[in-house]
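Colleague: Right, I'll just put the structure down here and ask away after.
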2 protein chains.
Amino acid sequence: MNMAIVLPIPSAEVIAPCFCNACDARPASVCNALPAKLLFHLARIAHRGVANANMSFIAEGEKAENYFNISAGTARLYKLLPNGRRQIIGFAGPGDFLGLAASGQFAFSAEAIGEVEFCRYPRQSWRALIGEFPAMAQFLLDSASNELVAAQEQMLLLGRKTARERLASFLIERSDPATPHLIALPMTRIDIADYLGLTVETVSRNLTQLSVDGIITVSRSRATIAIIDGARLRAMANGSDISSPI
Amino acid sequence: MNMAIVLPIPSAEVIAPCFCNACDARPASVCNALPAKLLFHLARIAHRGVANANMSFIAEGEKAENYFNISAGTARLYKLLPNGRRQIIGFAGPGDFLGLAASGQFAFSAEAIGEVEFCRYPRQSWRALIGEFPAMAQFLLDSASNELVAAQEQMLLLGRKTARERLASFLIERSDPATPHLIALPMTRIDIADYLGLTVETVSRNLTQLSVDGIITVSRSRATIAIIDGARLRAMANGSDISSPI
DNA sequence: CGAGCAATTGAGACAAGTCAAAGCTGGTGG
DNA sequence: CCACCAGCTTTGACTTGTCTCAATTGCTCG
């Protein structure tokens with residue numbers, strides 16, 4: 001067990017190892033809870049990993065021996081019922097931290113959509129590191145709180161919104177503040193359906209309808225959506241749109 | 001701002017103040033993260049509170065100035081859509097800790113079902129205390145993780161289970177290890193419906209059906225349910241029951 | 001005993017699901 | 001460079017589980 005966390009800071013050349021410096025996900029991830037000078041503590045216990053498209057890297061029910069921090073790509077996180085019904089509980093992207101599971105087992109499976117890169121941290125070493133740097137514990141608590149709030153919002157969606165409202169909410173959730181009316185959809189329609197508690201056909205029909213109503217435009221490749229009428233979409237997302245019930 | 005956390009331990013009489021000693025919820029709550037001798041630190045910043053039946057004590061969107069720790073009774077936690085649709089995101093009982101909200105605003109409202117007692121902790125004082133006692137931060141992270149796992153399970157229920165399966169899951173979730181086949185339902189049928197993403201009528205119909213099928217028995221007051229065929233109920237809860245599609 | 005709620009039951013409507021077929025898109029190999 | 005294949009997506013026709021609306025029944029408590 002690697003507990004030798006507290007070490008003299010090495011010479012400047014070794015500080016903030018190359019792959020952390022090059023990591024696009026750093027500003028948004030746990031790693032940022034440590035000042036750059038201390039990043040090497042994290043790098044020492046990190047194992048870099050890659051999952052190719054549709055490869056699984058976390059299996060529900062498996063012993064949770066590692067934490068994961070996504071550095072590139074998008075993953076689908078899902079739970080299965082014995083008869084095959086699937087619920088996607090979220091999509092994880094750069095900066096997202098996976099593996100908080102108090103029971104010691106993963107509560108969901110994770111699969112790469114396209115290629116996914118991540119850092120993997122053995123649970124043991126990680127715990128030791130947290131003990132050393134309270135800022136990391138705080139970061140994790142904050143991010144768990146945020147995820148909890150998001151999960152509660154999703155419960156509202158799944159329990160009380162119509163198909164159309166779910167699609168509207170989904171599009172808004174996925175819109176990036178940098179490009180607020182261009183939405184990238186790396187996942188398939190089936191993924192979207194399994195995330196929103198619908199079927200593919202219903203997703204497809206409602207996207208078509210939103211398009212016909214002049215609220216969005218779907219790119220020819222279907223992987224990008226442009227928001228035309230953001231106000232209307234937002235009203236729809238929280239169930240207060242006046243018009244057109246499907 | 002009360003930051004004077006580190007104090008000499010007072011004389012034995014003051015340690016572990018009376019209301020903490022009498023508190024049934026202590027073993028299951030954050031308070032247990034502190035050894036009995038240090039409980040007075042918590043008691044110093046706690047404000048005891050009571051909410052009568054159907055009184056609200058947390059309002060969604062309100063500035064989150066306090067944390068709450070339920071010591072007696074049951075509360076419904078819910079979110080509303082502008083048009084009045086309601087989703088109950090959970091029921092909180094003794095030992096449950098409320099108020100983790102990274103955004104600074106409550107993400108849900110809370111109302112007492114019957115009478116609810118709680119301790120209220122001002123956010124400021126609480127943060128200071130966490131800084132002092134890492135075990136409390138760890139407890140909170142663990143309990144946030146547990147809630148997250150429960151929320152994900154609920155997403156699976158809301159997105160992919162039939163009405164009958166939802167009821168079965170609900171009954172199993174609420175069964176107490178101490179009395180595994182006697183279930184107390186302090187909440188109304190409407191509450192159950194809003195928790196399971198159904199209508200009252202559907203809840204009522206399905207409870208009747210479970211009863212007709214000899215899987216449960218409903219007490220005359222309707223507030224207690226006895227499980228007759230636990231195996232069948234469990235199979236039903238995860239969607240692998242052979243028979244009777246309503 | 002009767003008012004006031006909560007819960008149940010019934011009948012009919014509708015949103016979303018199912019099954020089936022056709023349309024695109026992007027990649028592969030002749 | 002084009003034909004073709006495989007998989008994803010869309011569209012259509014029909015079914016159904018759950019909702020809605022409307023009574024009725026049953027409990028609790030003054």
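Here, A, B, ... name the chains of the structure tokens in the order displayed, residue numbers run from 1 inside each chain, and ligands are numbered from 1 in the same displayed order.
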What residues in chain C have any atom no more than 10 Å from chain B when counting only C-alpha atoms (C1' of nucleotides), and can you write them as a compact mmCIF listing (two decimals) with N, CA, C and O atoms (P, O5', C5', C4', C3', O3' and C1' of nucleotides), in the first residue's frame?
Modeller:
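Saved file result_35.txt follows:
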```txt
# COMPACT_ATOMS: atom_id res chain seq x y z
P DA C 6 -56.80 15.02 2.67
O5' DA C 6 -56.99 13.44 2.61
C5' DA C 6 -56.81 12.67 3.78
C4' DA C 6 -57.01 11.22 3.44
C3' DA C 6 -56.20 10.76 2.23
O3' DA C 6 -55.56 9.54 2.59
C1' DA C 6 -58.50 10.32 1.88
P DA C 7 -54.83 8.62 1.54
O5' DA C 7 -56.02 7.71 1.00
C5' DA C 7 -56.58 6.72 1.84
C4' DA C 7 -57.51 5.88 1.03
C3' DA C 7 -56.88 5.23 -0.20
O3' DA C 7 -57.05 3.83 -0.05
C1' DA C 7 -58.93 6.31 -0.76
P DT C 8 -56.62 2.82 -1.18
O5' DT C 8 -57.98 2.63 -2.00
C5' DT C 8 -59.11 2.11 -1.33
C4' DT C 8 -60.30 2.12 -2.27
C3' DT C 8 -60.12 1.30 -3.54
O3' DT C 8 -61.11 0.28 -3.51
C1' DT C 8 -61.11 3.40 -3.99
P DT C 9 -61.11 -0.96 -4.51
O5' DT C 9 -62.07 -0.47 -5.69
C5' DT C 9 -63.42 -0.15 -5.39
C4' DT C 9 -64.07 0.50 -6.60
C3' DT C 9 -63.82 -0.20 -7.95
O3' DT C 9 -65.09 -0.59 -8.45
C1' DT C 9 -63.60 2.16 -8.13
```
Colleague: Need the shell around DG2 of chain C: protein/DNA/RNA residues with any atom at most 12 Å away, counting only C-alpha atoms (C1' of nucleotides). Skip same-chain ones fewer than 4 positions apart. Format as a PyMOL selection string?
Modeller: chain D and resi 28-30
Colleague: Those selected residues, please, written with C-alpha atoms (C1' of nucleotides) and delivered as a compact mmCIF listing (two decimals), in the first residue's frame.
Modeller:
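Result file selection-v7.txt:
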```txt
# COMPACT_ATOMS: atom_id res chain seq x y z
C1' DT D 28 -61.47 9.98 11.67
C1' DC D 29 -62.84 13.12 14.81
C1' DG D 30 -65.54 16.82 16.64
```
Colleague: Quick one: contact table of chain A to chain B, 6 Å max, nearest atom pair and distance in Å to one decimal per residue, counting only C-alpha atoms, chain and number order, as JSON lines?
Modeller:
```
{"residue": "A:Gln87", "atom": "CA", "partner": "B:Leu156", "partner_atom": "CA", "distance": 5.4}
{"residue": "A:Leu100", "atom": "CA", "partner": "B:Ser145", "partner_atom": "CA", "distance": 5.9}
{"residue": "A:Ala101", "atom": "CA", "partner": "B:Ser145", "partner_atom": "CA", "distance": 5.8}
{"residue": "A:Ala102", "atom": "CA", "partner": "B:Asp142", "partner_atom": "CA", "distance": 5.7}
{"residue": "A:Leu141", "atom": "CA", "partner": "B:Leu141", "partner_atom": "CA", "distance": 5.3}
{"residue": "A:Asp142", "atom": "CA", "partner": "B:Ala102", "partner_atom": "CA", "distance": 5.7}
{"residue": "A:Ser145", "atom": "CA", "partner": "B:Ala102", "partner_atom": "CA", "distance": 5.8}
{"residue": "A:Asn146", "atom": "CA", "partner": "B:Ala102", "partner_atom": "CA", "distance": 5.8}
{"residue": "A:Leu148", "atom": "CA", "partner": "B:Leu148", "partner_atom": "CA", "distance": 5.7}
{"residue": "A:Met155", "atom": "CA", "partner": "B:Met155", "partner_atom": "CA", "distance": 5.9}
{"residue": "A:Leu156", "atom": "CA", "partner": "B:Gln87", "partner_atom": "CA", "distance": 5.4}
{"residue": "A:Leu158", "atom": "CA", "partner": "B:Leu158", "partner_atom": "CA", "distance": 5.6}
{"residue": "A:Gly159", "atom": "CA", "partner": "B:Gly197", "partner_atom": "CA", "distance": 4.1}
{"residue": "A:Gly197", "atom": "CA", "partner": "B:Gly159", "partner_atom": "CA", "distance": 4.1}
```
Colleague: Show me a table, sorted first by chain and then by increasing residue number, of the residues of chain B having an atom at most 10 Å from chain D, each with its shortest atom pair and the distance in Å to one decimal, counting only C-alpha atoms (C1' of nucleotides) and written as a tab-separated table.
Modeller:
```
residue	atom	partner	partner_atom	distance
B:Thr162	CA	D:DG17	C1'	8.5
B:Ala163	CA	D:DT18	C1'	8.4
B:Leu198	CA	D:DT18	C1'	8.1
B:Thr199	CA	D:DC19	C1'	7.4
B:Glu201	CA	D:DC19	C1'	8.8
B:Thr202	CA	D:DT18	C1'	7.3
B:Arg220	CA	D:DC27	C1'	8.7
B:Ser221	CA	D:DC27	C1'	7.1
B:Arg222	CA	D:DC27	C1'	9.4
B:Pro245	CA	D:DG17	C1'	9.9
B:Ile246	CA	D:DG17	C1'	9.3
```
Colleague: How many Å separate atom CA of Ala53 of chain A from atom CA of Glu115 of chain A?
Modeller: 5.0 Å
Colleague: Can you tell me how far atom CA of Phe57 of chain A sits from atom CA of Asn21 of chain A, in Å to one decimal?
Modeller: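 Result for atom CA of Phe57 of chain A versus atom CA of Asn21 of chain A: 24.6 Å, one decimal.
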Colleague: Interatomic distance between atom CA of Ala36 of chain A and atom CA of Glu65 of chain A?
Modeller: 26.5 Å
Colleague: DSSP on the backbone: what in segment 6-233 of chain B comes out helix (DSSP H, G or I), as a ChimeraX atom specification?
Modeller: /B:18-21,26-28,30-33,36-45,123-132,134-160,163-174,189-196,200-212,230-233
